[in-house]
$ cat start24.txt   # compact mmCIF, C-alpha atoms (C1' of nucleotides)
# COMPACT_ATOMS: atom_id res chain seq x y z
CA MET A 1 95.25 -28.11 6.95
CA THR A 2 95.76 -27.54 3.21
CA ALA A 3 96.03 -23.94 2.08
CA GLY A 4 93.21 -22.83 -0.15
CA PRO A 5 90.47 -20.30 -0.68
CA ALA A 6 88.38 -21.89 2.05
CA GLU A 7 91.17 -21.52 4.57
CA ASP A 8 91.64 -17.91 3.59
CA THR A 9 88.40 -16.68 5.13
CA ARG A 10 88.92 -18.91 8.11
CA THR A 11 92.37 -17.48 8.68
CA ARG A 12 91.23 -13.90 8.29
CA LEU A 13 88.40 -14.65 10.66
CA LEU A 14 90.74 -15.91 13.37
CA GLN A 15 93.09 -12.96 12.94
CA THR A 16 90.18 -10.54 13.18
CA ALA A 17 88.75 -12.35 16.18
CA LEU A 18 92.07 -12.17 18.03
CA ARG A 19 92.33 -8.46 17.36
CA LEU A 20 88.80 -7.79 18.57
CA PHE A 21 89.29 -10.05 21.60
CA THR A 22 92.30 -8.02 22.70
CA GLU A 23 90.38 -4.77 22.20
CA HIS A 24 87.04 -5.68 23.76
CA GLY A 25 87.63 -8.94 25.59
CA VAL A 26 86.17 -12.27 24.52
CA GLU A 27 82.76 -11.72 26.09
CA GLY A 28 82.70 -8.16 24.83
CA THR A 29 83.17 -9.30 21.24
CA SER A 30 80.02 -10.37 19.41
CA LEU A 31 79.83 -12.48 16.30
CA GLN A 32 78.21 -9.46 14.67
CA MET A 33 81.35 -7.42 15.32
CA ILE A 34 83.53 -10.11 13.78
CA ALA A 35 81.23 -10.43 10.79
CA ASP A 36 81.10 -6.67 10.24
CA ALA A 37 84.88 -6.38 10.41
CA LEU A 38 85.15 -9.04 7.71
CA GLY A 39 82.37 -7.60 5.57
CA ILE A 40 80.27 -10.75 5.81
CA THR A 41 77.17 -11.73 7.78
CA LYS A 42 76.87 -13.56 11.05
CA ALA A 43 75.49 -16.61 9.26
CA ALA A 44 78.60 -16.76 7.10
CA VAL A 45 80.69 -16.92 10.25
CA TYR A 46 78.67 -19.94 11.31
CA TYR A 47 79.63 -21.71 8.13
CA HIS A 48 83.24 -21.80 9.37
CA PHE A 49 82.61 -22.39 13.08
CA LYS A 50 79.69 -24.10 14.77
CA THR A 51 79.82 -21.97 17.94
CA LYS A 52 81.52 -18.94 19.37
CA ALA A 53 83.37 -21.18 21.82
CA GLU A 54 84.85 -22.96 18.83
CA ILE A 55 86.25 -19.65 17.61
CA THR A 56 87.85 -18.77 20.92
CA GLU A 57 89.35 -22.26 21.13
CA ALA A 58 90.73 -21.96 17.61
CA VAL A 59 92.19 -18.55 18.44
CA ALA A 60 93.85 -19.91 21.55
CA GLU A 61 94.97 -23.22 20.07
CA PRO A 62 98.42 -22.28 18.70
CA GLY A 63 99.36 -20.78 22.05
CA ILE A 64 98.02 -23.78 23.94
CA ARG A 65 100.01 -26.19 21.81
CA ASP A 66 103.26 -24.33 22.34
CA LEU A 67 102.58 -23.93 26.04
CA ASP A 68 101.78 -27.59 26.41
CA GLU A 69 104.94 -28.66 24.64
CA LEU A 70 107.00 -26.22 26.70
CA VAL A 71 105.75 -27.52 30.03
CA ARG A 72 106.33 -31.10 28.97
CA ARG A 73 109.87 -30.43 27.78
CA ALA A 74 110.73 -28.51 30.94
CA ALA A 75 109.45 -31.32 33.13
CA THR A 76 111.80 -33.84 31.49
CA GLN A 77 114.91 -31.93 32.54
CA LYS A 78 116.71 -33.59 35.38
CA ARG A 79 118.34 -30.68 37.17
CA ARG A 80 116.09 -27.97 38.54
CA GLY A 81 118.32 -25.19 37.23
CA ALA A 82 117.93 -26.58 33.73
CA GLN A 83 114.15 -26.80 34.19
CA VAL A 84 113.96 -23.16 35.19
CA ASP A 85 116.22 -21.97 32.40
CA LEU A 86 114.39 -23.95 29.75
CA LEU A 87 110.99 -22.84 30.98
CA LEU A 88 112.00 -19.20 31.17
CA GLU A 89 113.56 -19.12 27.71
CA GLY A 90 110.73 -21.09 26.21
CA PHE A 91 108.13 -18.86 27.79
CA VAL A 92 109.80 -15.70 26.55
CA ASP A 93 110.00 -17.19 23.05
CA LEU A 94 106.33 -18.07 23.27
CA VAL A 95 105.37 -14.58 24.37
CA ILE A 96 107.36 -13.09 21.50
CA ARG A 97 105.81 -15.47 19.00
CA HIS A 98 102.24 -14.81 20.09
CA ARG A 99 102.54 -11.37 21.72
CA SER A 100 99.00 -10.20 22.37
CA LEU A 101 97.57 -13.68 22.67
CA VAL A 102 99.56 -14.44 25.81
CA ALA A 103 98.40 -11.24 27.45
CA LEU A 104 94.83 -12.35 26.74
CA PHE A 105 95.56 -15.72 28.36
CA SER A 106 96.76 -14.12 31.55
CA SER A 107 93.72 -11.99 32.00
CA ASP A 108 90.56 -12.76 30.05
CA PRO A 109 88.06 -15.02 31.80
CA GLY A 110 86.54 -15.83 28.41
CA ILE A 111 89.80 -17.34 27.21
CA ALA A 112 90.25 -19.17 30.48
CA ARG A 113 86.89 -20.86 29.94
CA ALA A 114 87.87 -21.86 26.43
CA ILE A 115 91.12 -23.45 27.56
CA GLU A 116 89.53 -25.22 30.47
CA LYS A 117 88.74 -28.31 28.46
CA SER A 118 92.23 -28.77 27.09
CA ALA A 119 95.07 -30.75 28.63
CA HIS A 120 96.44 -29.90 32.08
CA GLY A 121 92.96 -28.90 33.24
CA GLY A 122 92.94 -25.53 31.56
CA ALA A 123 94.82 -22.27 31.80
CA GLU A 124 94.94 -22.68 35.53
CA GLY A 125 96.65 -25.99 34.98
CA PHE A 126 99.34 -24.51 32.77
CA GLY A 127 99.87 -21.65 35.16
CA GLN A 128 100.18 -23.97 38.15
CA ALA A 129 102.56 -26.25 36.28
CA MET A 130 104.82 -23.35 35.33
CA LEU A 131 104.64 -21.82 38.79
CA GLY A 132 105.53 -25.18 40.28
CA ILE A 133 108.66 -25.43 38.18
CA LEU A 134 109.75 -21.83 38.71
CA SER A 135 109.13 -21.68 42.44
CA GLY A 136 110.53 -25.12 43.17
CA PRO A 137 109.42 -27.84 45.57
CA ASP A 138 107.76 -26.71 48.80
CA PRO A 139 108.23 -23.00 48.01
CA ASP A 140 108.01 -20.22 50.55
CA THR A 141 106.02 -17.05 49.89
CA THR A 142 109.03 -15.24 48.47
CA ALA A 143 109.58 -17.90 45.83
CA ARG A 144 105.90 -17.94 44.92
CA VAL A 145 105.74 -14.16 44.56
CA ASN A 146 108.88 -14.13 42.42
CA ALA A 147 107.53 -16.83 40.13
CA LEU A 148 104.15 -15.12 39.80
CA VAL A 149 105.62 -11.69 39.07
CA THR A 150 107.97 -13.23 36.52
CA LEU A 151 105.29 -15.04 34.57
CA THR A 152 102.60 -12.37 34.67
CA GLY A 153 105.04 -9.53 34.17
CA ILE A 154 106.66 -11.11 31.13
CA ALA A 155 103.31 -12.04 29.66
CA MET A 156 101.67 -8.66 30.19
CA ALA A 157 104.70 -6.62 29.19
CA GLY A 158 105.28 -8.75 26.09
CA GLY A 159 101.70 -8.26 24.99
CA SER A 160 101.58 -4.58 25.87
CA PRO A 161 100.93 -2.05 23.09
CA ASP A 162 103.69 0.03 24.69
CA LEU A 163 106.26 -2.42 23.37
CA ALA A 164 104.55 -3.35 20.13
CA ARG A 165 107.14 -1.51 18.08
CA VAL A 166 110.14 -3.12 19.74
CA ASP A 167 111.52 -5.78 17.39
CA ASP A 168 111.40 -9.45 18.41
CA GLU A 169 115.12 -9.93 18.96
CA LYS A 170 115.49 -6.93 21.25
CA LEU A 171 112.35 -7.68 23.24
CA ARG A 172 113.42 -11.27 23.67
CA THR A 173 116.75 -10.24 25.15
CA GLU A 174 115.14 -7.75 27.52
CA LEU A 175 112.46 -10.11 28.79
CA LEU A 176 114.98 -12.90 29.32
CA ASP A 177 117.17 -10.51 31.23
CA VAL A 178 114.45 -9.34 33.55
CA GLY A 179 113.26 -12.90 34.08
CA ARG A 180 116.73 -14.13 35.03
CA ARG A 181 117.13 -11.27 37.43
CA LEU A 182 113.80 -12.02 39.07
CA LEU A 183 114.54 -15.70 39.45
CA GLY A 184 118.13 -15.24 40.52
CA ARG A 185 119.51 -17.09 37.49
CA PRO A 186 122.99 -16.27 36.18
CA ARG A 187 123.04 -14.02 33.18
CA ARG A 188 124.01 -15.63 29.92
CA ARG A 189 126.84 -14.20 27.87
CA SER A 190 125.56 -15.31 24.47
CA LEU A 191 122.17 -16.04 23.00
CA ALA A 192 123.17 -19.48 21.80
CA PRO A 193 121.64 -22.44 23.61
CA VAL A 194 123.94 -24.12 26.11
CA SER A 195 123.92 -27.75 27.13
CA THR A 196 125.60 -27.36 30.50
CA LEU A 197 125.24 -24.81 33.24
CA MET B 1 77.44 9.53 51.73
CA THR B 2 75.48 8.95 54.96
CA ALA B 3 75.22 5.39 56.16
CA GLY B 4 71.73 4.01 56.06
CA PRO B 5 69.54 1.22 54.78
CA ALA B 6 69.62 2.69 51.29
CA GLU B 7 73.40 2.66 51.22
CA ASP B 8 73.45 -0.88 52.45
CA THR B 9 72.01 -2.36 49.28
CA ARG B 10 74.22 -0.12 47.22
CA THR B 11 77.32 -1.27 49.07
CA ARG B 12 76.38 -4.93 48.82
CA LEU B 13 75.69 -4.39 45.15
CA LEU B 14 79.15 -2.97 44.50
CA GLN B 15 80.85 -5.74 46.45
CA THR B 16 78.91 -8.36 44.54
CA ALA B 17 79.61 -6.65 41.23
CA LEU B 18 83.34 -6.59 41.90
CA ARG B 19 83.35 -10.27 42.74
CA LEU B 20 81.43 -11.18 39.60
CA PHE B 21 83.60 -8.89 37.46
CA THR B 22 86.72 -10.70 38.59
CA GLU B 23 85.14 -14.07 37.90
CA HIS B 24 83.49 -13.41 34.56
CA GLY B 25 84.92 -10.12 33.36
CA VAL B 26 82.91 -6.91 33.12
CA GLU B 27 81.28 -7.68 29.79
CA GLY B 28 80.69 -11.25 30.88
CA THR B 29 78.72 -10.11 33.90
CA SER B 30 75.04 -9.32 33.30
CA LEU B 31 72.79 -7.26 35.50
CA GLN B 32 70.71 -10.40 35.88
CA MET B 33 73.68 -12.16 37.47
CA ILE B 34 74.21 -9.29 39.90
CA ALA B 35 70.51 -9.15 40.74
CA ASP B 36 70.30 -12.90 41.28
CA ALA B 37 73.34 -12.91 43.55
CA LEU B 38 71.67 -10.23 45.68
CA GLY B 39 68.25 -11.85 45.60
CA ILE B 40 66.65 -8.83 43.97
CA THR B 41 65.42 -8.07 40.47
CA LYS B 42 67.15 -6.40 37.58
CA ALA B 43 64.92 -3.37 37.89
CA ALA B 44 65.87 -2.97 41.52
CA VAL B 45 69.45 -2.68 40.42
CA TYR B 46 68.43 0.16 38.13
CA TYR B 47 67.03 2.02 41.08
CA HIS B 48 70.54 2.35 42.46
CA PHE B 49 72.39 2.91 39.21
CA LYS B 50 71.12 4.39 35.96
CA THR B 51 73.32 2.26 33.70
CA LYS B 52 75.71 -0.64 33.85
CA ALA B 53 78.55 1.74 33.03
CA GLU B 54 77.69 3.64 36.18
CA ILE B 55 78.16 0.45 38.18
CA THR B 56 81.55 -0.30 36.71
CA GLU B 57 82.63 3.28 37.35
CA ALA B 58 81.46 3.08 40.95
CA VAL B 59 83.31 -0.21 41.38
CA ALA B 60 86.48 1.28 40.00
CA GLU B 61 86.19 4.63 41.74
CA PRO B 62 88.01 3.93 45.01
CA GLY B 63 90.96 2.55 43.10
CA ILE B 64 90.94 5.48 40.69
CA ARG B 65 90.96 8.01 43.51
CA ASP B 66 93.90 6.36 45.25
CA LEU B 67 95.75 5.99 41.98
CA ASP B 68 95.16 9.59 41.09
CA GLU B 69 96.39 10.84 44.43
CA LEU B 70 99.42 8.58 44.24
CA VAL B 71 100.51 9.85 40.83
CA ARG B 72 100.06 13.47 41.93
CA ARG B 73 102.04 12.99 45.11
CA ALA B 74 104.84 11.20 43.30
CA ALA B 75 105.07 13.96 40.71
CA THR B 76 105.65 16.59 43.40
CA GLN B 77 108.83 14.90 44.64
CA LYS B 78 111.94 16.75 43.54
CA ARG B 79 114.49 13.98 43.28
CA ARG B 80 113.82 11.17 40.87
CA GLY B 81 114.87 8.51 43.36
CA ALA B 82 112.25 9.79 45.77
CA GLN B 83 109.64 9.79 43.01
CA VAL B 84 110.35 6.15 42.20
CA ASP B 85 110.38 5.06 45.83
CA LEU B 86 107.18 6.86 46.66
CA LEU B 87 105.41 5.55 43.58
CA LEU B 88 106.55 1.99 44.16
CA GLU B 89 105.57 1.95 47.82
CA GLY B 90 102.30 3.69 47.12
CA PHE B 91 101.46 1.32 44.32
CA VAL B 92 102.16 -1.74 46.42
CA ASP B 93 99.99 -0.33 49.20
CA LEU B 94 97.26 0.32 46.69
CA VAL B 95 97.45 -3.21 45.32
CA ILE B 96 97.24 -4.61 48.83
CA ARG B 97 94.32 -2.38 49.70
CA HIS B 98 92.31 -3.27 46.62
CA ARG B 99 93.79 -6.64 45.65
CA SER B 100 91.56 -8.06 42.94
CA LEU B 101 90.42 -4.67 41.71
CA VAL B 102 93.89 -3.72 40.54
CA ALA B 103 94.26 -6.96 38.63
CA LEU B 104 90.99 -6.13 36.89
CA PHE B 105 92.33 -2.70 35.98
CA SER B 106 95.40 -4.15 34.34
CA SER B 107 93.50 -6.50 32.16
CA ASP B 108 89.79 -6.00 31.63
CA PRO B 109 88.83 -3.88 28.62
CA GLY B 110 85.47 -3.23 30.23
CA ILE B 111 87.11 -1.51 33.18
CA ALA B 112 89.41 0.40 30.88
CA ARG B 113 86.37 1.83 29.09
CA ALA B 114 84.81 2.86 32.37
CA ILE B 115 87.91 4.69 33.52
CA GLU B 116 88.45 6.36 30.20
CA LYS B 117 86.36 9.37 31.12
CA SER B 118 88.10 10.07 34.40
CA ALA B 119 91.13 12.28 35.00
CA HIS B 120 94.42 11.65 33.23
CA GLY B 121 92.55 10.44 30.16
CA GLY B 122 91.72 7.04 31.51
CA ALA B 123 93.53 3.92 32.64
CA GLU B 124 95.99 4.41 29.84
CA GLY B 125 96.72 7.83 31.27
CA PHE B 126 97.49 6.47 34.73
CA GLY B 127 99.59 3.71 33.28
CA GLN B 128 101.58 6.13 31.14
CA ALA B 129 102.07 8.52 34.03
CA MET B 130 103.39 5.76 36.27
CA LEU B 131 105.55 4.30 33.53
CA GLY B 132 106.97 7.75 32.88
CA ILE B 133 108.04 8.15 36.48
CA LEU B 134 109.44 4.63 36.86
CA SER B 135 111.33 4.53 33.59
CA GLY B 136 112.65 8.09 33.84
CA PRO B 137 113.16 10.78 31.23
CA ASP B 138 113.98 9.62 27.69
CA PRO B 139 114.07 5.93 28.69
CA ASP B 140 115.71 3.18 26.65
CA THR B 141 113.96 -0.12 25.97
CA THR B 142 115.50 -1.75 29.02
CA ALA B 143 114.07 0.87 31.35
CA ARG B 144 110.66 0.65 29.71
CA VAL B 145 110.55 -3.14 29.98
CA ASN B 146 111.61 -3.02 33.62
CA ALA B 147 108.96 -0.47 34.46
CA LEU B 148 106.25 -2.41 32.62
CA VAL B 149 107.14 -5.75 34.19
CA THR B 150 107.24 -4.12 37.61
CA LEU B 151 103.81 -2.53 37.38
CA THR B 152 101.98 -5.37 35.65
CA GLY B 153 103.75 -8.05 37.66
CA ILE B 154 102.96 -6.43 41.00
CA ALA B 155 99.37 -5.76 39.98
CA MET B 156 98.67 -9.23 38.64
CA ALA B 157 100.51 -11.08 41.37
CA GLY B 158 98.87 -8.99 44.08
CA GLY B 159 95.43 -9.75 42.66
CA SER B 160 96.13 -13.40 42.00
CA PRO B 161 94.05 -16.02 43.79
CA ASP B 162 97.32 -17.89 44.36
CA LEU B 163 98.31 -15.30 46.95
CA ALA B 164 94.87 -14.55 48.35
CA ARG B 165 95.69 -16.27 51.63
CA VAL B 166 98.94 -14.42 52.22
CA ASP B 167 98.33 -11.72 54.82
CA ASP B 168 98.65 -8.06 53.88
CA GLU B 169 101.83 -7.30 55.80
CA LYS B 170 103.75 -10.22 54.35
CA LEU B 171 102.56 -9.65 50.80
CA ARG B 172 103.41 -5.97 51.06
CA THR B 173 106.98 -6.76 52.04
CA GLU B 174 107.41 -9.29 49.27
CA LEU B 175 105.99 -7.10 46.53
CA LEU B 176 108.09 -4.13 47.65
CA ASP B 177 111.14 -6.32 47.62
CA VAL B 178 110.60 -7.63 44.13
CA GLY B 179 109.79 -4.14 42.88
CA ARG B 180 112.97 -2.67 44.32
CA ARG B 181 115.01 -5.44 42.78
CA LEU B 182 113.43 -4.88 39.38
CA LEU B 183 114.00 -1.16 39.46
CA GLY B 184 117.46 -1.34 40.94
CA ARG B 185 116.49 0.53 44.10
CA PRO B 186 118.37 -0.07 47.34
CA ARG B 187 116.65 -2.39 49.75
CA ARG B 188 115.21 -0.77 52.83
CA ARG B 189 116.19 -2.00 56.27
CA SER B 190 112.96 -1.09 58.01
CA LEU B 191 109.38 -0.58 56.93
CA ALA B 192 109.22 2.91 58.40
CA PRO B 193 109.08 5.81 55.93
CA VAL B 194 112.38 7.56 55.40
CA SER B 195 112.88 11.20 54.51
CA THR B 196 116.35 10.84 52.98
CA LEU B 197 117.87 8.27 50.71
C1' DG C 1 62.14 4.91 48.16
C1' DT C 2 61.78 0.13 46.47
C1' DC C 3 60.52 -3.45 43.34
C1' DT C 4 57.16 -5.73 39.50
C1' DA C 5 56.13 -5.86 34.94
C1' DT C 6 57.36 -5.12 30.61
C1' DA C 7 59.31 -2.86 26.28
C1' DC C 8 62.73 -3.25 23.07
C1' DC C 9 67.06 -4.67 21.40
C1' DT C 10 71.05 -7.67 20.41
C1' DC C 11 72.91 -11.97 21.47
C1' DG C 12 74.22 -16.78 19.74
C1' DA C 13 72.41 -20.02 16.77
C1' DT C 14 69.48 -22.44 12.90
C1' DA C 15 66.99 -23.20 8.39
C1' DG C 16 66.92 -22.92 3.80
C1' DA C 17 67.47 -20.03 -0.75
C1' DC C 18 70.99 -18.89 -3.99
C1' DG D 1 80.43 -20.06 0.61
C1' DT D 2 77.50 -16.54 1.60
C1' DC D 3 73.03 -14.82 1.94
C1' DT D 4 68.02 -13.54 4.17
C1' DA D 5 64.92 -14.59 7.66
C1' DT D 6 63.95 -15.95 11.99
C1' DC D 7 64.12 -18.24 16.66
C1' DG D 8 64.38 -18.15 21.83
C1' DA D 9 67.15 -16.32 25.45
C1' DG D 10 68.88 -12.85 27.76
C1' DG D 11 70.71 -8.00 27.46
C1' DT D 12 69.85 -2.86 28.96
C1' DA D 13 66.56 0.26 30.20
C1' DT D 14 61.83 2.35 31.52
C1' DA D 15 56.98 3.09 33.38
C1' DG D 16 54.49 2.81 36.96
C1' DA D 17 52.43 -0.04 41.09
C1' DC D 18 53.11 -0.14 45.97
$ encode --input "start24.txt" --output "structure tokens"
Amino acid sequence: MTAGPAEDTRTRLLQTALRLFTEHGVEGTSLQMIADALGITKAAVYYHFKTKAEITEAVAEPGIRDLDELVRRAATQKRRGAQVDLLLEGFVDLVIRHRSLVALFSSDPGIARAIEKSAHGGAEGFGQAMLGILSGPDPDTTARVNALVTLTGIAMAGGSPDLARVDDEKLRTELLDVGRRLLGRPRRRSLAPVSTL
Amino acid sequence: MTAGPAEDTRTRLLQTALRLFTEHGVEGTSLQMIADALGITKAAVYYHFKTKAEITEAVAEPGIRDLDELVRRAATQKRRGAQVDLLLEGFVDLVIRHRSLVALFSSDPGIARAIEKSAHGGAEGFGQAMLGILSGPDPDTTARVNALVTLTGIAMAGGSPDLARVDDEKLRTELLDVGRRLLGRPRRRSLAPVSTL
DNA sequence: GTCTATACCTCGATAGAC
DNA sequence: GTCTATCGAGGTATAGAC
């Protein structure tokens, strides 16, 4: 965890891997491609990571951690309205913070495999947990569709190249707005956190 | 185009390929996997298709054709409201008709590559054309976000395993409803096509 | 027209020199 | 920490038997 010359290559490697993953997919990205992009050899990559799976896990890890914490925090809220609001805001923040990574999560089977071993039983687990909160207990089809469109829409739109040049603050406001509309939540007046509904 | 024993293997091959593509991604699916699932050999696969790219193109082709026709038809509408309504309804129908294929389109880089050579300059071209219609001329960020969330949300939700057991008619109604709400279109009373707004 | 056998390449991964 | 060399497995693609 200490910053140093060793971490430098490791960090560049993960950044490069994420970029290539979004361009070609996880399975479509070879270690050779990563090595070439960094100007090193495949064997040098293996000095930093034992396997390719270890790379994908390391790429996904920051997102997983935030997602995990978000789901836990949302679940502790007593009132369902508060659960939904917290989850929605937290998810939008997470999408903003990680942008392209979240889009990868939603779609790439390679990432799904990598997350499978983590808490909650994998990406599917996180998705189900979030859907459960957003769609409520014993949801009808309408509620399930709304929750699904909200989560996937926010994730894909947030990670889309079409919005890459929109600054964080603006995108955050827009995604929150569309999410509230989809879930039938009242629109907030200010951006400051509120303790009561 | 004639139905026969030769076409049978070809059809089964494409169905199997689509299923495997959705499970493992395009790049994550090998010809060996397709051949094994069909109980034939890799070389037998090459009798039906010259390259793997040709398979992915053939898998995507029905969706491409429908998408192409939809965008053309929408563009011929005079009033913008009619363009949006026609595109939204057509897109929902298309998602229902192809379900998992559309979800693949939205996400898999392998599919994107395969479509790249087709009309409109590839998947990106279709996406941009649809976004252009839904978000209107000279759109602000809000309109662009709404259009993006609508398209990606409907596509991903429609292709999601979570909704696989919802029947077509019900899912169609729900997706149309959420799309209209997102785009601020008036809700229809009946499912029958209307000629005036 | 359909599949077997096989060529050839790149994959992920390892060993050991520097 | 990065390199060269190499492995076995599995990838795409082809030649030719039936």
$ residues_near_point --input "start24.txt" --point "(57.7, -0.8, 43.9)" --cutoff "10 Å" --atoms "only C-alpha atoms (C1' of nucleotides)" --output "CSV table (one decimal) with C-alpha atoms (C1' of nucleotides), in the coordinates of the input"
chain,number,residue,atom,x,y,z
B,43,ALA,CA,64.9,-3.4,37.9
B,44,ALA,CA,65.9,-3.0,41.5
C,1,DG,C1',62.1,4.9,48.2
C,2,DT,C1',61.8,0.1,46.5
C,3,DC,C1',60.5,-3.4,43.3
C,4,DT,C1',57.2,-5.7,39.5
D,16,DG,C1',54.5,2.8,37.0
D,17,DA,C1',52.4,0.0,41.1
D,18,DC,C1',53.1,-0.1,46.0
$ residues_around --input "start24.txt" --residues "Ala103 of chain A" --least-positions-apart "2" --cutoff "6 Å" --atoms "only C-alpha atoms (C1' of nucleotides)" --output "list in words"
Ser100, Leu101, Phe105, Ser106, Ala155, Met156 and Gly159 of chain A
$ atom_distance --input "start24.txt" --atom1 "atom CA of Val149 of chain A" --atom2 "atom CA of Leu183 of chain A"
9.8 Å
$ closest_atom_pairs --input "start24.txt" --of "chain D" --to "chain B" --cutoff "12 Å" --atoms "only C-alpha atoms (C1' of nucleotides)" --output "tab-separated table"
residue	atom	partner	partner_atom	distance
D:DG10	C1'	B:Gln32	CA	8.7
D:DG11	C1'	B:Ser30	CA	7.4
D:DT12	C1'	B:Thr51	CA	7.8
D:DA13	C1'	B:Thr51	CA	7.9
D:DT14	C1'	B:Ala43	CA	9.1
D:DA15	C1'	B:Ala43	CA	11.2
$ atom_distance --input "start24.txt" --atom1 "atom CA of Leu94 of chain B" --atom2 "atom CA of Gly63 of chain B"
7.6 Å
$ interface_residues --input "start24.txt" --of "chain C" --to "chain A" --cutoff "8 Å" --atoms "only C-alpha atoms (C1' of nucleotides)" --output "list in words"
DC11, DG12 and DA13 of chain C
$ interface_residues --input "start24.txt" --of "chain B" --to "chain A" --cutoff "6 Å" --atoms "only C-alpha atoms" --output "number ranges by chain"
B: 24, 27-28, 107, 109, 148-149, 152-153, 157
$ write_last_selection --input "start24.txt" --atoms "C-alpha atoms" --output "short mmCIF file (atom, residue, chain, number, x, y, z; two decimals), keeping the file's coordinate frame"
data_model
loop_
_atom_site.label_atom_id
_atom_site.label_comp_id
_atom_site.auth_asym_id
_atom_site.auth_seq_id
_atom_site.Cartn_x
_atom_site.Cartn_y
_atom_site.Cartn_z
CA HIS B 24 83.49 -13.41 34.56
CA GLU B 27 81.28 -7.68 29.79
CA GLY B 28 80.69 -11.25 30.88
CA SER B 107 93.50 -6.50 32.16
CA PRO B 109 88.83 -3.88 28.62
CA LEU B 148 106.25 -2.41 32.62
CA VAL B 149 107.14 -5.75 34.19
CA THR B 152 101.98 -5.37 35.65
CA GLY B 153 103.75 -8.05 37.66
CA ALA B 157 100.51 -11.08 41.37
#
$ atom_distance --input "start24.txt" --atom1 "atom CA of Glu69 of chain A" --atom2 "atom CA of Lys117 of chain A"
16.6 Å
$ residues_near_point --input "start24.txt" --point "(78.6, -17.8, 4.7)" --cutoff "12 Å" --atoms "only C-alpha atoms (C1' of nucleotides)" --output "PyMOL selection string"
(chain A and resi 6+9-10+13+35+38-50) or (chain C and resi 18) or (chain D and resi 1-4)
$ write_last_selection --input "start24.txt" --atoms "C-alpha atoms (C1' of nucleotides)" --output "PDB file, keeping the file's coordinate frame"
ATOM      1  CA  ALA A   6      88.380 -21.890   2.050  1.00  0.00           C
ATOM      2  CA  THR A   9      88.400 -16.680   5.130  1.00  0.00           C
ATOM      3  CA  ARG A  10      88.920 -18.910   8.110  1.00  0.00           C
ATOM      4  CA  LEU A  13      88.400 -14.650  10.660  1.00  0.00           C
ATOM      5  CA  ALA A  35      81.230 -10.430  10.790  1.00  0.00           C
ATOM      6  CA  LEU A  38      85.150  -9.040   7.710  1.00  0.00           C
ATOM      7  CA  GLY A  39      82.370  -7.600   5.570  1.00  0.00           C
ATOM      8  CA  ILE A  40      80.270 -10.750   5.810  1.00  0.00           C
ATOM      9  CA  THR A  41      77.170 -11.730   7.780  1.00  0.00           C
ATOM     10  CA  LYS A  42      76.870 -13.560  11.050  1.00  0.00           C
ATOM     11  CA  ALA A  43      75.490 -16.610   9.260  1.00  0.00           C
ATOM     12  CA  ALA A  44      78.600 -16.760   7.100  1.00  0.00           C
ATOM     13  CA  VAL A  45      80.690 -16.920  10.250  1.00  0.00           C
ATOM     14  CA  TYR A  46      78.670 -19.940  11.310  1.00  0.00           C
ATOM     15  CA  TYR A  47      79.630 -21.710   8.130  1.00  0.00           C
ATOM     16  CA  HIS A  48      83.240 -21.800   9.370  1.00  0.00           C
ATOM     17  CA  PHE A  49      82.610 -22.390  13.080  1.00  0.00           C
ATOM     18  CA  LYS A  50      79.690 -24.100  14.770  1.00  0.00           C
TER      19      LYS A  50
ATOM     20  C1'  DC C  18      70.990 -18.890  -3.990  1.00  0.00           C
TER      21       DC C  18
ATOM     22  C1'  DG D   1      80.430 -20.060   0.610  1.00  0.00           C
ATOM     23  C1'  DT D   2      77.500 -16.540   1.600  1.00  0.00           C
ATOM     24  C1'  DC D   3      73.030 -14.820   1.940  1.00  0.00           C
ATOM     25  C1'  DT D   4      68.020 -13.540   4.170  1.00  0.00           C
TER      26       DT D   4
END
$ closest_residue --input "start24.txt" --among "B:Asp68, B:Asp36, B:Glu61, B:Asp8" --to "Gly127 of chain B" --atoms "all atoms listed in the file"
B:Asp68
$ axis_aligned_box --input "start24.txt" --around "segment 107-110 of chain B" --padding-each-side "4 Å" --output "AutoDock Vina command-line options"
--center_x 89.5 --center_y -4.9 --center_z 30.4 --size_x 16.0 --size_y 11.3 --size_z 11.5
